[in-house]
Structure formats: C-alpha cells, structure tokens
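For reference, model_11.txt (compact mmCIF, C-alpha atoms and all ligand atoms):
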# COMPACT_ATOMS: atom_id res chain seq x y z
CA MET A 1 7.08 -86.12 -140.75
CA ALA A 2 5.16 -83.89 -138.38
CA LEU A 3 2.47 -85.66 -136.40
CA LYS A 4 -1.19 -84.81 -136.58
CA ILE A 5 -2.52 -84.19 -133.09
CA TRP A 6 -6.16 -84.22 -132.07
CA LEU A 7 -6.78 -80.97 -130.18
CA GLY A 8 -10.31 -80.05 -129.12
CA ASP A 9 -12.55 -81.06 -131.99
CA GLY A 10 -10.17 -81.88 -134.82
CA LEU A 11 -6.68 -82.65 -136.09
CA VAL A 12 -3.95 -80.01 -136.19
CA ASP A 13 -0.26 -80.10 -137.07
CA GLU A 14 2.11 -80.92 -134.22
CA HIS A 15 3.51 -77.34 -134.04
CA GLU A 16 -0.02 -75.93 -133.71
CA ALA A 17 -0.96 -78.25 -130.85
CA LYS A 18 -0.74 -75.82 -127.95
CA ILE A 19 -2.81 -75.13 -124.85
CA SER A 20 -3.16 -72.11 -122.59
CA VAL A 21 -0.89 -71.51 -119.61
CA PHE A 22 -4.13 -70.89 -117.68
CA ASP A 23 -5.37 -74.44 -118.29
CA HIS A 24 -5.76 -76.06 -114.87
CA SER A 25 -4.12 -79.21 -116.18
CA LEU A 26 -0.89 -77.18 -116.12
CA LEU A 27 -1.64 -75.05 -113.05
CA TYR A 28 -2.89 -77.92 -110.86
CA GLY A 29 -2.48 -81.25 -112.66
CA ASP A 30 -6.27 -81.15 -112.96
CA GLY A 31 -7.39 -83.56 -115.66
CA VAL A 32 -7.34 -87.22 -116.66
CA PHE A 33 -5.47 -89.33 -119.18
CA GLU A 34 -4.99 -92.77 -120.74
CA GLY A 35 -2.07 -94.58 -122.36
CA ILE A 36 -3.17 -97.04 -125.02
CA ARG A 37 -1.34 -99.40 -127.40
CA VAL A 38 -1.88 -100.04 -131.08
CA TYR A 39 -0.98 -103.57 -132.17
CA SER A 40 -1.06 -104.63 -135.84
CA GLY A 41 -3.12 -101.54 -136.71
CA LYS A 42 -5.75 -102.24 -134.05
CA VAL A 43 -6.26 -100.09 -130.96
CA PHE A 44 -5.93 -102.51 -128.05
CA GLU A 45 -8.77 -102.63 -125.51
CA LEU A 46 -10.02 -99.20 -126.59
CA LYS A 47 -13.45 -99.64 -125.00
CA ALA A 48 -11.94 -100.54 -121.62
CA HIS A 49 -9.56 -97.56 -121.75
CA LEU A 50 -12.34 -95.13 -122.65
CA GLU A 51 -14.61 -96.47 -119.94
CA ARG A 52 -11.82 -96.01 -117.40
CA LEU A 53 -11.19 -92.47 -118.69
CA PHE A 54 -14.85 -91.51 -118.37
CA GLU A 55 -15.00 -93.08 -114.90
CA SER A 56 -11.93 -91.13 -113.74
CA ALA A 57 -13.46 -87.93 -115.16
CA HIS A 58 -16.78 -88.62 -113.43
CA VAL A 59 -15.10 -89.06 -110.06
CA ILE A 60 -13.18 -85.76 -110.34
CA ARG A 61 -16.37 -83.99 -111.58
CA LEU A 62 -14.91 -83.32 -115.03
CA THR A 63 -17.32 -83.29 -117.94
CA ILE A 64 -15.67 -84.66 -121.07
CA PRO A 65 -16.88 -82.56 -124.00
CA MET A 66 -17.64 -85.59 -126.21
CA SER A 67 -19.38 -88.94 -125.93
CA ILE A 68 -17.55 -92.28 -125.72
CA GLU A 69 -18.61 -92.90 -129.33
CA GLN A 70 -17.19 -89.56 -130.51
CA MET A 71 -14.02 -90.20 -128.52
CA THR A 72 -13.69 -93.63 -130.17
CA GLN A 73 -13.93 -92.00 -133.60
CA ALA A 74 -11.41 -89.30 -132.62
CA VAL A 75 -8.87 -91.92 -131.44
CA LEU A 76 -9.30 -93.93 -134.64
CA ALA A 77 -9.05 -90.81 -136.82
CA THR A 78 -5.82 -89.71 -135.09
CA THR A 79 -4.29 -93.17 -135.38
CA GLU A 80 -5.24 -93.37 -139.04
CA ALA A 81 -3.98 -89.83 -139.84
CA ASN A 82 -0.55 -90.80 -138.50
CA SER A 83 -0.56 -94.28 -140.11
CA VAL A 84 0.12 -95.91 -136.76
CA ARG A 85 0.34 -99.70 -136.95
CA ASP A 86 2.34 -100.54 -133.84
CA GLY A 87 2.55 -97.70 -131.42
CA TYR A 88 1.21 -95.79 -128.52
CA ILE A 89 -1.64 -93.35 -127.96
CA ARG A 90 -1.73 -90.72 -125.23
CA LEU A 91 -5.21 -89.41 -124.58
CA ILE A 92 -5.60 -86.39 -122.30
CA VAL A 93 -8.59 -84.40 -121.09
CA THR A 94 -7.74 -81.09 -119.43
CA ARG A 95 -9.95 -79.16 -117.01
CA GLY A 96 -9.64 -76.08 -119.21
CA ILE A 97 -8.86 -72.41 -118.77
CA GLY A 98 -9.63 -70.92 -115.39
CA ASP A 99 -8.31 -68.22 -113.10
CA LEU A 100 -5.40 -68.68 -110.71
CA GLY A 101 -7.63 -70.10 -107.97
CA LEU A 102 -8.50 -73.78 -107.52
CA ASN A 103 -12.19 -73.65 -108.45
CA PRO A 104 -12.55 -76.12 -111.36
CA PHE A 105 -16.11 -75.01 -112.10
CA LEU A 106 -14.87 -71.63 -113.36
CA CYS A 107 -12.81 -73.41 -116.04
CA LYS A 108 -13.88 -73.30 -119.68
CA ASP A 109 -12.81 -74.93 -122.89
CA GLY A 110 -11.35 -78.15 -121.45
CA LYS A 111 -9.37 -79.82 -124.20
CA VAL A 112 -9.32 -83.37 -125.51
CA ILE A 113 -5.79 -84.08 -126.75
CA ILE A 114 -4.84 -87.27 -128.60
CA ILE A 115 -1.27 -88.09 -129.59
CA SER A 116 -0.76 -91.26 -131.63
CA ASP A 117 2.71 -92.30 -132.75
CA ASN A 118 4.65 -95.31 -134.04
CA VAL A 119 7.01 -95.72 -131.11
CA LYS A 120 8.94 -98.63 -129.68
CA LEU A 121 8.77 -98.09 -125.97
CA TYR A 122 11.40 -100.45 -124.58
CA PRO A 123 14.32 -102.41 -126.09
CA GLU A 124 13.87 -106.19 -126.37
CA GLU A 125 16.80 -106.85 -124.04
CA PHE A 126 14.82 -105.26 -121.23
CA TYR A 127 12.39 -108.21 -121.44
CA GLU A 128 15.00 -110.94 -121.97
CA LYS A 129 17.05 -109.98 -118.92
CA GLY A 130 14.27 -108.83 -116.61
CA LEU A 131 14.15 -105.87 -114.26
CA LYS A 132 15.62 -104.96 -110.91
CA VAL A 133 13.17 -103.23 -108.61
CA ILE A 134 13.28 -101.57 -105.21
CA SER A 135 10.74 -100.94 -102.47
CA ALA A 136 9.79 -97.27 -102.49
CA ALA A 137 9.82 -95.44 -99.17
CA THR A 138 7.05 -93.24 -100.63
CA ILE A 139 3.71 -94.96 -100.04
CA ARG A 140 0.90 -94.95 -102.61
CA ASN A 141 -1.76 -92.26 -102.23
CA HIS A 142 -4.24 -93.04 -99.47
CA PRO A 143 -7.56 -93.97 -101.10
CA MET A 144 -9.30 -91.34 -98.96
CA ALA A 145 -6.96 -88.69 -100.41
CA LEU A 146 -6.55 -89.21 -104.14
CA PRO A 147 -7.95 -92.68 -105.02
CA PRO A 148 -5.29 -94.57 -107.03
CA GLN A 149 -8.07 -95.80 -109.36
CA ILE A 150 -8.29 -92.30 -110.82
CA LYS A 151 -5.82 -91.94 -113.69
CA SER A 152 -5.32 -88.23 -113.15
CA LEU A 153 -2.77 -85.81 -114.54
CA ASN A 154 -1.40 -85.50 -111.02
CA TYR A 155 1.29 -88.20 -110.98
CA LEU A 156 3.61 -86.71 -108.37
CA ASN A 157 3.07 -89.57 -105.94
CA ASN A 158 4.33 -92.04 -108.54
CA ILE A 159 7.06 -89.69 -109.73
CA LEU A 160 8.51 -89.55 -106.20
CA ALA A 161 8.70 -93.35 -106.20
CA LYS A 162 10.19 -93.34 -109.70
CA ILE A 163 12.94 -90.98 -108.51
CA GLU A 164 13.77 -93.48 -105.76
CA SER A 165 14.16 -96.26 -108.32
CA ILE A 166 16.35 -94.13 -110.58
CA ASP A 167 18.55 -93.13 -107.62
CA ALA A 168 18.94 -96.82 -106.78
CA GLY A 169 19.75 -97.79 -110.39
CA ALA A 170 16.59 -99.92 -110.57
CA GLY A 171 13.99 -100.14 -113.34
CA GLU A 172 10.88 -99.76 -111.20
CA ALA A 173 9.77 -99.02 -107.66
CA ILE A 174 7.25 -101.15 -105.77
CA MET A 175 4.86 -98.98 -103.81
CA TYR A 176 3.07 -100.07 -100.62
CA ASN A 177 -0.18 -98.75 -99.22
CA HIS A 178 -0.73 -97.04 -95.87
CA LEU A 179 -1.22 -100.48 -94.26
CA GLY A 180 2.08 -101.85 -95.56
CA PHE A 181 0.60 -104.10 -98.24
CA VAL A 182 1.83 -104.09 -101.83
CA ALA A 183 -0.12 -101.61 -103.98
CA GLU A 184 1.58 -101.40 -107.39
CA ALA A 185 4.71 -100.18 -109.13
CA SER A 186 5.15 -96.51 -110.10
CA GLY A 187 3.65 -97.19 -113.55
CA ASP A 188 2.66 -100.87 -113.56
CA ASN A 189 0.67 -103.49 -111.67
CA VAL A 190 2.47 -106.20 -109.69
CA PHE A 191 2.09 -110.00 -109.88
CA LEU A 192 3.90 -112.88 -108.21
CA VAL A 193 3.95 -116.60 -108.93
CA LYS A 194 4.21 -119.17 -106.14
CA GLY A 195 3.71 -122.92 -106.55
CA GLY A 196 2.24 -122.46 -110.05
CA VAL A 197 -0.41 -120.01 -108.83
CA VAL A 198 -0.50 -116.35 -109.86
CA TYR A 199 -1.15 -113.74 -107.14
CA THR A 200 -1.81 -110.03 -107.42
CA PRO A 201 -3.05 -107.44 -104.93
CA PRO A 202 -6.72 -106.48 -105.23
CA VAL A 203 -7.26 -103.07 -106.83
CA GLN A 204 -8.57 -101.89 -103.43
CA ALA A 205 -5.04 -102.30 -102.02
CA GLY A 206 -4.33 -99.04 -103.85
CA SER A 207 -3.62 -99.49 -107.53
CA LEU A 208 -4.89 -98.41 -110.85
CA ASP A 209 -7.31 -100.98 -112.25
CA GLY A 210 -4.81 -101.80 -115.01
CA ILE A 211 -6.16 -102.88 -118.37
CA THR A 212 -3.10 -105.10 -118.96
CA ARG A 213 -3.66 -106.58 -115.49
CA ARG A 214 -7.26 -107.42 -116.44
CA VAL A 215 -6.18 -109.02 -119.74
CA VAL A 216 -3.44 -111.10 -118.05
CA ILE A 217 -5.86 -112.32 -115.37
CA ARG A 218 -8.41 -113.25 -118.07
CA LEU A 219 -5.84 -115.10 -120.20
CA ALA A 220 -4.40 -116.99 -117.21
CA LYS A 221 -7.86 -118.13 -116.12
CA GLN A 222 -8.68 -119.23 -119.68
CA GLU A 223 -5.57 -121.44 -119.55
CA GLY A 224 -6.69 -122.97 -116.26
CA ILE A 225 -3.95 -121.19 -114.28
CA GLY A 226 -5.03 -120.28 -110.76
CA VAL A 227 -5.23 -116.53 -110.11
CA VAL A 228 -5.70 -115.20 -106.59
CA GLU A 229 -6.27 -111.54 -105.73
CA LYS A 230 -5.17 -110.96 -102.15
CA ASP A 231 -3.15 -108.60 -100.00
CA LEU A 232 0.56 -109.22 -100.44
CA THR A 233 3.49 -108.22 -98.25
CA ARG A 234 7.08 -107.39 -99.03
CA PHE A 235 7.98 -110.87 -97.71
CA ASP A 236 5.63 -112.43 -100.26
CA LEU A 237 7.44 -110.63 -103.09
CA TYR A 238 10.93 -111.53 -101.80
CA SER A 239 10.04 -115.21 -101.49
CA ALA A 240 8.11 -115.56 -104.76
CA ASP A 241 9.13 -118.07 -107.44
CA GLU A 242 8.58 -115.33 -110.01
CA LEU A 243 7.67 -111.67 -110.06
CA PHE A 244 6.38 -109.71 -113.00
CA LEU A 245 4.85 -106.33 -113.80
CA THR A 246 2.09 -105.46 -116.25
CA GLY A 247 1.23 -102.20 -117.95
CA THR A 248 0.38 -100.70 -121.31
CA ALA A 249 3.96 -99.49 -121.81
CA ALA A 250 5.81 -102.39 -120.12
CA GLU A 251 3.35 -105.10 -121.30
CA VAL A 252 4.41 -108.18 -119.27
CA ILE A 253 7.92 -107.93 -117.86
CA GLY A 254 9.83 -110.20 -115.48
CA VAL A 255 11.47 -108.95 -112.28
CA ILE A 256 14.69 -110.71 -111.31
CA GLU A 257 15.88 -108.78 -108.29
CA MET A 258 14.20 -106.80 -105.54
CA ASP A 259 15.96 -104.79 -102.82
CA GLY A 260 19.13 -106.84 -103.43
CA ARG A 261 17.31 -110.22 -103.17
CA VAL A 262 17.43 -112.51 -106.20
CA ILE A 263 13.91 -113.51 -107.20
CA GLY A 264 13.47 -117.17 -108.20
CA THR A 265 16.24 -118.24 -110.57
CA GLY A 266 17.35 -114.68 -111.27
CA LYS A 267 15.91 -114.88 -114.78
CA PRO A 268 12.39 -114.12 -116.06
CA GLY A 269 10.38 -117.22 -115.02
CA GLU A 270 8.49 -119.77 -117.11
CA MET A 271 5.04 -118.52 -116.08
CA THR A 272 6.05 -114.94 -116.84
CA LYS A 273 7.20 -115.98 -120.32
CA ARG A 274 4.06 -118.03 -120.90
CA LEU A 275 1.77 -115.15 -119.94
CA ARG A 276 3.82 -112.72 -122.01
CA THR A 277 3.43 -114.99 -125.06
CA LEU A 278 -0.32 -115.33 -124.45
CA PHE A 279 -0.58 -111.58 -124.07
CA PHE A 280 1.10 -111.01 -127.44
CA LYS A 281 -1.13 -113.51 -129.17
CA ALA A 282 -4.19 -111.74 -127.79
CA ALA A 283 -2.82 -108.30 -128.64
CA HIS A 284 -2.05 -109.16 -132.26
CA SER A 285 -5.15 -111.29 -132.94
N1 LIG B 301 -0.43 -98.44 -112.35
C1 LIG B 301 -0.08 -97.20 -112.69
C2 LIG B 301 0.20 -96.20 -111.62
C3 LIG B 301 0.01 -96.85 -114.05
O1 LIG B 301 0.35 -95.61 -114.40
C4 LIG B 301 -0.24 -97.84 -115.03
C5 LIG B 301 -0.13 -97.57 -116.50
N2 LIG B 301 -0.05 -96.38 -116.96
C6 LIG B 301 -0.60 -99.11 -114.62
C7 LIG B 301 -0.69 -99.39 -113.27
C8 LIG B 301 -0.92 -100.18 -115.63
O2 LIG B 301 -2.17 -99.92 -116.20
P1 LIG B 301 -2.53 -100.31 -117.70
O3 LIG B 301 -2.28 -101.76 -117.84
O4 LIG B 301 -3.94 -99.93 -117.86
O5 LIG B 301 -1.61 -99.51 -118.56

Let me see whether you can do it: turn the structure in this file into structure tokens.
Ligand code: PMP
Amino acid sequence: MALKIWLGDGLVDEHEAKISVFDHSLLYGDGVFEGIRVYSGKVFELKAHLERLFESAHVIRLTIPMSIEQMTQAVLATTEANSVRDGYIRLIVTRGIGDLGLNPFLCKDGKVIIISDNVKLYPEEFYEKGLKVISAATIRNHPMALPPQIKSLNYLNNILAKIESIDAGAGEAIMYNHLGFVAEASGDNVFLVKGGVVYTPPVQAGSLDGITRRVVIRLAKQEGIGVVEKDLTRFDLYSADELFLTGTAAEVIGVIEMDGRVIGTGKPGEMTKRLRTLFFKAAHS
C-alpha cells in the first residue's frame, strides 16, 4: 500500500510527494531533520526530538513554518494515516526554493516532510552478536565549523566515516574530534563500561546530543549505576570491559571488536544487555 507522506501542510500520496530541484536542501544540504521511533503505537520521545529540531533550525537561521504544537499534530496524523505501530519516522525541514547562489534568505516555501513507516531497521542477530567497529581517519566536524549538535541535512562528514567502516567490513566507525578525543560514531553515540561504571564523552566533545543517549543515561542513573561524562581516548575504548552504541535506529547495541582488538569477552556485555532491556521497557511502556 502506498504511504501517505506529510508534505507542506497536509498528507499526499507517496508518488505525489516531490520537491523542487531548486530547493536548497538538494542544492546545498541546507535544512534540518530528525529520525524518530514509534514503539507500540506511541511516538517515542517526540517532545525531545521536536525541541532538538527547532533548536537546530534556530541555529542555522531557518524558520520552521509551523509551531511545535502543529508539528506534533502533523507527526501524529502521519503516523496514524499509515497505521504505524512499530516503525520509524523521518522528519525533514528544507530551506526551500532559492536561486543557484548560497543566500538562504532568498529561499521561499521551505517544506516540512514527514515519512512514517512500519519498518524493522536491523535484524535481531545484529544485536545478539554485537558489532565490529573501526576508528575513522576522518575527524568529526570542528565545532567552530559546523557544530555537531546541529542535526542538519549535510551529513557528508559522517558519510565519509561510514565509507571507511564499509571499506573495512565493519558495522560502524568511531569518530574523534580535532583534539583526538572520542566524539561519536557516524550515526550513534558511544559508551564504554569499566569497573561497573558507564562512561560517555560529553556532548561538547563533538557529538549530537542523542535522545537515546539521554534516555540511557537517565535509566542507568535511576538504577543506581554510575554514569560519568568525560573525554575519552582511543586507549579507553580499546581497554574497556564493554563498549556499546546508542541511537534511534540502532537503539542500544554492543560492540565486540574495535580496530582488530577484542573488547571485553568478545560478546555483548552484561551491562549493555541490562541497559538494552531497560531501554525496551521504557520504550514500550
Ligand atoms: N550521532 C549522530 C551523528 C546521529 O546521526 C545520531 C542519530 N541519528 C545519533 C548520534 C544518535 O542520536 P539519537 O539517539 O537522537 O538518534
């Protein structure tokens, strides 16, 4: 069945969901987006995602042509129209149609696009076995260039790292910042476990302020598990008891090998599994 897509101010059929070749989102990657999950018919952490979207838009001087409340209703309407119970939502705001120059303020008719579908993103085996990762040679964007906290439509920095991981036959690439500290993976946040304590780099080390990251930190603290946000090095990752990644698509996934080094026991660790279980309980509650 064809999907109903939110485009502009209402729902259209999938084959009618088209935007102009002069939209600066295509010409320059100028726009913002969110990836959101639906669990048991409920949109997960919608408020947090929309706040992040509006914050990203504010920083790139993009005016979203609807309020957070209207956007909430649009997301719910799209999810309902496609009967999505367990799936994924892609929410995009484009800069709109401009000329062939860079000036974003000449752009008109920026579009809100919402795609909501019942999709299974990764096979279960992916989680049971855990991931191999590599260190990317490509560093994360310098915060004084394109701040990694902006979830913009310009993902080339991460795509270059992703290419490195594919070339190496690995599932993800760990990206470092300009100082050599761990920033994040190409599409996920990074955590390690050492001596029963959970560590993750601060967002200021150069990562997206991941919603899954926030939820995992909150759940761990509620359970009395120590969580420390501090700068981490490649050595810290190699010598961790456990490594795991978090993200809307990946959820909570164990890492079992990095740059040819076995991590911990070589299987997803106990803390990783515990936090993954807690995450699922929270998501489906
Ligand atoms: N970092 C990057 C670069 C990402 O693209 C994502 C997810 N899309 C994340 C981290 C994880 O963020 P979230 O948990 O909000 O999906």

Between atom CA of A:Ala283 and atom CA of A:Thr265, distance in Å (one decimal): 28.1 Å

Would you mind listing the residues within 9 Å of ligand LIG 301 (chain B), counting only C-alpha atoms and all ligand atoms, as a ChimeraX atom specification? /A:34-37,48-49,52,148-149,151,155,158,183-190,207-215,245-251

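Using only C-alpha atoms, the shortest contact distance between A:Glu124 and any of A:Val252, A:Ala282, A:Ala170, A:Leu275 is found at A:Val252.
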
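What separates atom CA of A:Val112 from atom CA of A:Val93 is a distance of 4.6 Å.
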
Please provide the set of residues having any atom within 10 Å of A:Pro143, restricted to all atoms listed in the file, with same-chain residues fewer than 4 positions apart removed, written as an NGL selection string. :A and (147-150 or 177-178 or 204-207)

Output requested as a PDB file, in the frame of the given file - stretch 35-49 of chain A, filled out with N, CA, C and O atoms.
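Contents of part19.pdb, as written:
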ATOM      1  N   GLY A  35      -3.123 -94.122-121.445  1.00  0.00           N
ATOM      2  CA  GLY A  35      -2.070 -94.580-122.360  1.00  0.00           C
ATOM      3  C   GLY A  35      -2.574 -95.856-122.992  1.00  0.00           C
ATOM      4  O   GLY A  35      -3.022 -96.759-122.279  1.00  0.00           O
ATOM      5  N   ILE A  36      -2.548 -95.922-124.306  1.00  0.00           N
ATOM      6  CA  ILE A  36      -3.170 -97.040-125.020  1.00  0.00           C
ATOM      7  C   ILE A  36      -2.188 -97.539-126.083  1.00  0.00           C
ATOM      8  O   ILE A  36      -1.435 -96.750-126.651  1.00  0.00           O
ATOM      9  N   ARG A  37      -2.223 -98.836-126.360  1.00  0.00           N
ATOM     10  CA  ARG A  37      -1.340 -99.400-127.400  1.00  0.00           C
ATOM     11  C   ARG A  37      -2.098 -99.642-128.691  1.00  0.00           C
ATOM     12  O   ARG A  37      -3.305 -99.938-128.681  1.00  0.00           O
ATOM     13  N   VAL A  38      -1.359 -99.575-129.784  1.00  0.00           N
ATOM     14  CA  VAL A  38      -1.880-100.040-131.080  1.00  0.00           C
ATOM     15  C   VAL A  38      -1.031-101.234-131.474  1.00  0.00           C
ATOM     16  O   VAL A  38       0.205-101.146-131.475  1.00  0.00           O
ATOM     17  N   TYR A  39      -1.684-102.366-131.723  1.00  0.00           N
ATOM     18  CA  TYR A  39      -0.980-103.570-132.170  1.00  0.00           C
ATOM     19  C   TYR A  39      -1.540-103.987-133.521  1.00  0.00           C
ATOM     20  O   TYR A  39      -2.764-104.115-133.668  1.00  0.00           O
ATOM     21  N   SER A  40      -0.647-104.201-134.486  1.00  0.00           N
ATOM     22  CA  SER A  40      -1.060-104.630-135.840  1.00  0.00           C
ATOM     23  C   SER A  40      -2.208-103.763-136.377  1.00  0.00           C
ATOM     24  O   SER A  40      -3.180-104.288-136.937  1.00  0.00           O
ATOM     25  N   GLY A  41      -2.121-102.471-136.167  1.00  0.00           N
ATOM     26  CA  GLY A  41      -3.120-101.540-136.710  1.00  0.00           C
ATOM     27  C   GLY A  41      -4.434-101.496-135.948  1.00  0.00           C
ATOM     28  O   GLY A  41      -5.358-100.798-136.357  1.00  0.00           O
ATOM     29  N   LYS A  42      -4.508-102.239-134.821  1.00  0.00           N
ATOM     30  CA  LYS A  42      -5.750-102.240-134.050  1.00  0.00           C
ATOM     31  C   LYS A  42      -5.516-101.625-132.666  1.00  0.00           C
ATOM     32  O   LYS A  42      -4.536-101.953-132.002  1.00  0.00           O
ATOM     33  N   VAL A  43      -6.416-100.724-132.281  1.00  0.00           N
ATOM     34  CA  VAL A  43      -6.260-100.090-130.960  1.00  0.00           C
ATOM     35  C   VAL A  43      -6.677-101.119-129.902  1.00  0.00           C
ATOM     36  O   VAL A  43      -7.799-101.613-129.908  1.00  0.00           O
ATOM     37  N   PHE A  44      -5.746-101.417-129.008  1.00  0.00           N
ATOM     38  CA  PHE A  44      -5.930-102.510-128.050  1.00  0.00           C
ATOM     39  C   PHE A  44      -6.809-102.086-126.874  1.00  0.00           C
ATOM     40  O   PHE A  44      -6.521-101.110-126.192  1.00  0.00           O
ATOM     41  N   GLU A  45      -7.886-102.844-126.665  1.00  0.00           N
ATOM     42  CA  GLU A  45      -8.770-102.630-125.510  1.00  0.00           C
ATOM     43  C   GLU A  45      -9.265-101.174-125.417  1.00  0.00           C
ATOM     44  O   GLU A  45      -9.354-100.603-124.320  1.00  0.00           O
ATOM     45  N   LEU A  46      -9.622-100.623-126.569  1.00  0.00           N
ATOM     46  CA  LEU A  46     -10.020 -99.200-126.590  1.00  0.00           C
ATOM     47  C   LEU A  46     -11.240 -98.942-125.696  1.00  0.00           C
ATOM     48  O   LEU A  46     -11.272 -97.958-124.947  1.00  0.00           O
ATOM     49  N   LYS A  47     -12.221 -99.843-125.781  1.00  0.00           N
ATOM     50  CA  LYS A  47     -13.450 -99.640-125.000  1.00  0.00           C
ATOM     51  C   LYS A  47     -13.124 -99.565-123.494  1.00  0.00           C
ATOM     52  O   LYS A  47     -13.598 -98.673-122.787  1.00  0.00           O
ATOM     53  N   ALA A  48     -12.292-100.504-123.046  1.00  0.00           N
ATOM     54  CA  ALA A  48     -11.940-100.540-121.620  1.00  0.00           C
ATOM     55  C   ALA A  48     -11.210 -99.258-121.210  1.00  0.00           C
ATOM     56  O   ALA A  48     -11.462 -98.692-120.138  1.00  0.00           O
ATOM     57  N   HIS A  49     -10.298 -98.792-122.066  1.00  0.00           N
ATOM     58  CA  HIS A  49      -9.560 -97.560-121.750  1.00  0.00           C
ATOM     59  C   HIS A  49     -10.499 -96.362-121.679  1.00  0.00           C
ATOM     60  O   HIS A  49     -10.381 -95.515-120.787  1.00  0.00           O
TER      61      HIS A  49
END
